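Structure first, commentary second.
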Amino acid sequence: MAKLFFGMNQSLDGYVDHDRMTPPSPKLFRHFVEQTDRLAGSLYGRNLYGLMSYWDQDQPGWDADHHAFAVAWRKAPKWVVSSTLKDVGPNTTILGPDLEAEVRRLKAEVHGEIEVGGPKLAQRLTELGLVDEYRIYLHPEVLGHGTPFFAAARPPLRLASSEQIDDQVIRLSYIP
């Protein structure tokens, strides 16, 4: 049975914004390469899938870790929740209209960890009781506004673990 986790970089004041936050350090990026390499798959909404599909094509100037991330991302299955997308890239499937049934099927059929991408999708899955873990990569930055990590109320959470990833970032893992 698969475990669903929602994890993102977050500012001290609770926001996620890859355009405004400091880019990940080489050590943190390597952590994400290793995590992505172990994934059983990724579950995305339309918007985040659009951003992540950047990794489908090699880009000039990538270093070894960027190439490694792209290889890891490409090999893992991806499922996209969208009622408007008609075409997706390689190793990607558009899920049907019954989100709960589709995700419960994935959890039953897939073994390992499935990453949930994006606060809005995570909110929908939280409301359905389907997220097994929340991973906050806490950065020492204050953004003041933006998209919150938690898009709405969530169930009571219990700290499961913490790990310092680099000199600036700690990963906090919470479970319902």
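For the structure tokens, the naming scheme is as follows: chains receive sequential letters (A, B, ...) according to their order of presentation, residues are indexed from 1 within each chain, and ligands are indexed from 1 in presentation order.
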
Would you give me, as JSON lines, each residue of region 120-153 of chain A having an atom within 9 Å of an atom of region 1-9 of chain A, along with its shortest atom pair and that distance in Å to one decimal, using only C-alpha atoms and sorting by chain and residue number?
{"residue": "A:Ala122", "atom": "CA", "partner": "A:Phe6", "partner_atom": "CA", "distance": 6.4}
{"residue": "A:Leu130", "atom": "CA", "partner": "A:Leu4", "partner_atom": "CA", "distance": 7.1}
{"residue": "A:Val131", "atom": "CA", "partner": "A:Leu4", "partner_atom": "CA", "distance": 5.2}
{"residue": "A:Asp132", "atom": "CA", "partner": "A:Leu4", "partner_atom": "CA", "distance": 5.3}
{"residue": "A:Glu133", "atom": "CA", "partner": "A:Phe5", "partner_atom": "CA", "distance": 4.6}
{"residue": "A:Tyr134", "atom": "CA", "partner": "A:Phe6", "partner_atom": "CA", "distance": 4.9}
{"residue": "A:Arg135", "atom": "CA", "partner": "A:Gly7", "partner_atom": "CA", "distance": 4.2}
{"residue": "A:Ile136", "atom": "CA", "partner": "A:Gly7", "partner_atom": "CA", "distance": 5.7}
{"residue": "A:Tyr137", "atom": "CA", "partner": "A:Asn9", "partner_atom": "CA", "distance": 4.5}
{"residue": "A:Leu138", "atom": "CA", "partner": "A:Asn9", "partner_atom": "CA", "distance": 6.2}
{"residue": "A:His139", "atom": "CA", "partner": "A:Asn9", "partner_atom": "CA", "distance": 7.0}
{"residue": "A:Phe149", "atom": "CA", "partner": "A:Met8", "partner_atom": "CA", "distance": 7.5}

>> Give me, as a ChimeraX atom specification, the residues of chain A that a backbone DSSP run labels helix (DSSP H, G or I).
In response: /A:26-38,46-56,64-75,99-109,119-127

>> Using Å and a single decimal, report how far CA of Lys86 (chain A) sits from CA of Gln59 (chain A).
In response: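 The value is 25.1 Å.
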
> Among region 23-171 of chain A, which ones does DSSP place in strand (DSSP E), written as a ChimeraX atom specification?
Replying inline: /A:41-45,78-81,92-94,112-117,133-138,147-148,158-164,170-171

Prev. selection, N, CA and C atoms, output as an mmCIF file, in the first residue's frame:
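Output contents, as saved in part_21.cif:
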data_model
loop_
_atom_site.group_PDB
_atom_site.id
_atom_site.type_symbol
_atom_site.label_atom_id
_atom_site.label_comp_id
_atom_site.auth_asym_id
_atom_site.auth_seq_id
_atom_site.Cartn_x
_atom_site.Cartn_y
_atom_site.Cartn_z
ATOM 1 N N GLY A 41 5.934 7.404 -7.147
ATOM 2 C CA GLY A 41 5.248 8.272 -8.088
ATOM 3 C C GLY A 41 4.941 9.623 -7.490
ATOM 4 N N SER A 42 4.389 10.492 -8.325
ATOM 5 C CA SER A 42 4.010 11.841 -7.909
ATOM 6 C C SER A 42 2.601 12.132 -8.389
ATOM 7 N N LEU A 43 1.858 12.839 -7.551
ATOM 8 C CA LEU A 43 0.477 13.217 -7.832
ATOM 9 C C LEU A 43 0.416 14.738 -7.871
ATOM 10 N N TYR A 44 0.016 15.294 -9.021
ATOM 11 C CA TYR A 44 0.042 16.738 -9.218
ATOM 12 C C TYR A 44 -1.316 17.273 -9.649
ATOM 13 N N GLY A 45 -1.547 18.535 -9.319
ATOM 14 C CA GLY A 45 -2.610 19.295 -9.957
ATOM 15 C C GLY A 45 -2.074 19.810 -11.286
ATOM 16 N N LYS A 78 3.743 9.560 -12.918
ATOM 17 C CA LYS A 78 3.090 10.794 -12.474
ATOM 18 C C LYS A 78 1.612 10.694 -12.809
ATOM 19 N N TRP A 79 0.787 11.177 -11.891
ATOM 20 C CA TRP A 79 -0.654 11.222 -12.094
ATOM 21 C C TRP A 79 -1.077 12.661 -11.925
ATOM 22 N N VAL A 80 -1.903 13.144 -12.843
ATOM 23 C CA VAL A 80 -2.312 14.542 -12.833
ATOM 24 C C VAL A 80 -3.821 14.624 -12.636
ATOM 25 N N VAL A 81 -4.219 15.483 -11.707
ATOM 26 C CA VAL A 81 -5.629 15.748 -11.447
ATOM 27 C C VAL A 81 -5.996 16.987 -12.247
ATOM 28 N N THR A 92 3.098 9.699 -17.623
ATOM 29 C CA THR A 92 2.116 10.509 -16.901
ATOM 30 C C THR A 92 0.710 10.113 -17.332
ATOM 31 N N THR A 93 -0.197 10.070 -16.338
ATOM 32 C CA THR A 93 -1.588 9.692 -16.572
ATOM 33 C C THR A 93 -2.496 10.764 -15.989
ATOM 34 N N ILE A 94 -3.530 11.117 -16.714
ATOM 35 C CA ILE A 94 -4.553 12.028 -16.183
ATOM 36 C C ILE A 94 -5.574 11.174 -15.441
ATOM 37 N N GLY A 112 5.095 1.943 -1.913
ATOM 38 C CA GLY A 112 6.098 2.974 -1.698
ATOM 39 C C GLY A 112 5.452 4.313 -1.426
ATOM 40 N N GLU A 113 6.240 5.363 -1.608
ATOM 41 C CA GLU A 113 5.759 6.712 -1.322
ATOM 42 C C GLU A 113 5.334 7.433 -2.587
ATOM 43 N N ILE A 114 4.189 8.090 -2.486
ATOM 44 C CA ILE A 114 3.694 8.955 -3.550
ATOM 45 C C ILE A 114 3.696 10.385 -3.015
ATOM 46 N N GLU A 115 4.396 11.239 -3.731
ATOM 47 C CA GLU A 115 4.472 12.658 -3.377
ATOM 48 C C GLU A 115 3.221 13.365 -3.889
ATOM 49 N N VAL A 116 2.643 14.215 -3.053
ATOM 50 C CA VAL A 116 1.520 15.062 -3.454
ATOM 51 C C VAL A 116 2.087 16.454 -3.706
ATOM 52 N N GLY A 117 1.854 16.998 -4.886
ATOM 53 C CA GLY A 117 2.415 18.288 -5.242
ATOM 54 C C GLY A 117 1.378 19.398 -5.208
ATOM 55 N N GLU A 133 1.277 11.971 5.541
ATOM 56 C CA GLU A 133 2.375 12.700 6.177
ATOM 57 C C GLU A 133 2.522 14.067 5.509
ATOM 58 N N TYR A 134 2.915 15.052 6.313
ATOM 59 C CA TYR A 134 3.204 16.405 5.842
ATOM 60 C C TYR A 134 4.670 16.681 6.143
ATOM 61 N N ARG A 135 5.432 17.075 5.136
ATOM 62 C CA ARG A 135 6.860 17.368 5.304
ATOM 63 C C ARG A 135 7.096 18.837 4.999
ATOM 64 N N ILE A 136 7.431 19.553 6.027
ATOM 65 C CA ILE A 136 7.723 20.981 5.901
ATOM 66 C C ILE A 136 9.231 21.158 5.894
ATOM 67 N N TYR A 137 9.739 21.714 4.815
ATOM 68 C CA TYR A 137 11.154 22.071 4.727
ATOM 69 C C TYR A 137 11.238 23.541 5.125
ATOM 70 N N LEU A 138 11.523 23.777 6.384
ATOM 71 C CA LEU A 138 11.426 25.114 6.965
ATOM 72 C C LEU A 138 12.694 25.924 6.699
ATOM 73 N N THR A 147 1.212 31.963 -1.098
ATOM 74 C CA THR A 147 0.396 30.768 -0.964
ATOM 75 C C THR A 147 0.784 30.062 0.327
ATOM 76 N N PRO A 148 -0.164 29.843 1.225
ATOM 77 C CA PRO A 148 0.181 29.142 2.465
ATOM 78 C C PRO A 148 0.415 27.652 2.220
ATOM 79 N N ARG A 158 0.647 15.425 14.590
ATOM 80 C CA ARG A 158 1.630 15.034 15.603
ATOM 81 C C ARG A 158 3.001 15.020 14.937
ATOM 82 N N LEU A 159 3.987 15.623 15.591
ATOM 83 C CA LEU A 159 5.349 15.623 15.068
ATOM 84 C C LEU A 159 5.870 14.189 15.064
ATOM 85 N N ALA A 160 6.268 13.708 13.886
ATOM 86 C CA ALA A 160 6.778 12.341 13.756
ATOM 87 C C ALA A 160 8.305 12.323 13.753
ATOM 88 N N SER A 161 8.918 13.352 13.146
ATOM 89 C CA SER A 161 10.375 13.416 13.119
ATOM 90 C C SER A 161 10.819 14.798 12.666
ATOM 91 N N SER A 162 12.090 15.052 12.881
ATOM 92 C CA SER A 162 12.714 16.271 12.369
ATOM 93 C C SER A 162 14.136 15.920 11.973
ATOM 94 N N GLU A 163 14.630 16.647 10.972
ATOM 95 C CA GLU A 163 15.984 16.395 10.490
ATOM 96 C C GLU A 163 16.552 17.681 9.929
ATOM 97 N N GLN A 164 17.746 18.036 10.370
ATOM 98 C CA GLN A 164 18.414 19.191 9.774
ATOM 99 C C GLN A 164 19.009 18.732 8.449
ATOM 100 N N ILE A 170 15.496 22.809 8.044
ATOM 101 C CA ILE A 170 15.122 21.643 8.827
ATOM 102 C C ILE A 170 13.844 21.069 8.231
ATOM 103 N N ARG A 171 13.791 19.744 8.169
ATOM 104 C CA ARG A 171 12.564 19.080 7.697
ATOM 105 C C ARG A 171 11.795 18.622 8.918
#

Give me, as a PDB file with N, CA, C and O atoms, in the first residue's frame, all polymer residues having an atom no more than 12 Å from Asp19 (chain A), counting only C-alpha atoms and skipping those fewer than 3 positions away in the same chain.
ATOM      1  N   ASN A   9       8.980  23.323   0.393  1.00  0.00           N
ATOM      2  CA  ASN A   9       9.758  24.346   1.087  1.00  0.00           C
ATOM      3  C   ASN A   9       8.787  25.392   1.616  1.00  0.00           C
ATOM      4  O   ASN A   9       7.858  25.793   0.918  1.00  0.00           O
ATOM      5  N   TYR A  15       4.536  30.299   4.230  1.00  0.00           N
ATOM      6  CA  TYR A  15       4.233  30.406   2.808  1.00  0.00           C
ATOM      7  C   TYR A  15       5.170  29.558   1.943  1.00  0.00           C
ATOM      8  O   TYR A  15       6.329  29.327   2.307  1.00  0.00           O
ATOM      9  N   VAL A  16       4.634  29.139   0.795  1.00  0.00           N
ATOM     10  CA  VAL A  16       5.425  28.415  -0.201  1.00  0.00           C
ATOM     11  C   VAL A  16       5.412  29.256  -1.476  1.00  0.00           C
ATOM     12  O   VAL A  16       4.372  29.627  -1.974  1.00  0.00           O
ATOM     13  N   THR A  22      14.762  31.738  -1.411  1.00  0.00           N
ATOM     14  CA  THR A  22      16.130  31.469  -1.833  1.00  0.00           C
ATOM     15  C   THR A  22      16.183  30.074  -2.444  1.00  0.00           C
ATOM     16  O   THR A  22      15.598  29.138  -1.887  1.00  0.00           O
ATOM     17  N   PRO A  23      16.861  29.912  -3.578  1.00  0.00           N
ATOM     18  CA  PRO A  23      16.956  28.575  -4.181  1.00  0.00           C
ATOM     19  C   PRO A  23      17.588  27.582  -3.203  1.00  0.00           C
ATOM     20  O   PRO A  23      18.364  27.966  -2.326  1.00  0.00           O
ATOM     21  N   PRO A  24      17.266  26.294  -3.343  1.00  0.00           N
ATOM     22  CA  PRO A  24      17.837  25.304  -2.436  1.00  0.00           C
ATOM     23  C   PRO A  24      19.354  25.248  -2.545  1.00  0.00           C
ATOM     24  O   PRO A  24      19.915  25.391  -3.635  1.00  0.00           O
ATOM     25  N   LEU A  51       4.531  23.210 -14.249  1.00  0.00           N
ATOM     26  CA  LEU A  51       5.852  23.693 -13.837  1.00  0.00           C
ATOM     27  C   LEU A  51       6.873  22.558 -13.826  1.00  0.00           C
ATOM     28  O   LEU A  51       7.994  22.703 -14.297  1.00  0.00           O
ATOM     29  N   LEU A 143       8.329  35.716   4.159  1.00  0.00           N
ATOM     30  CA  LEU A 143       7.851  36.232   2.873  1.00  0.00           C
ATOM     31  C   LEU A 143       6.754  37.279   3.028  1.00  0.00           C
ATOM     32  O   LEU A 143       6.556  38.114   2.164  1.00  0.00           O
ATOM     33  N   GLY A 146       1.672  35.265   0.262  1.00  0.00           N
ATOM     34  CA  GLY A 146       1.843  34.252  -0.774  1.00  0.00           C
ATOM     35  C   GLY A 146       0.877  33.104  -0.571  1.00  0.00           C
ATOM     36  O   GLY A 146      -0.159  33.256   0.083  1.00  0.00           O
ATOM     37  N   THR A 147       1.212  31.963  -1.098  1.00  0.00           N
ATOM     38  CA  THR A 147       0.396  30.768  -0.964  1.00  0.00           C
ATOM     39  C   THR A 147       0.784  30.062   0.327  1.00  0.00           C
ATOM     40  O   THR A 147       1.952  29.715   0.513  1.00  0.00           O
TER      41      THR A 147
END

> Pick the closest to Thr126 (chain A) from A:Leu39, A:Leu12, A:Leu106, A:Ala151: which is it, counting only C-alpha atoms?
Replying inline: A:Ala151
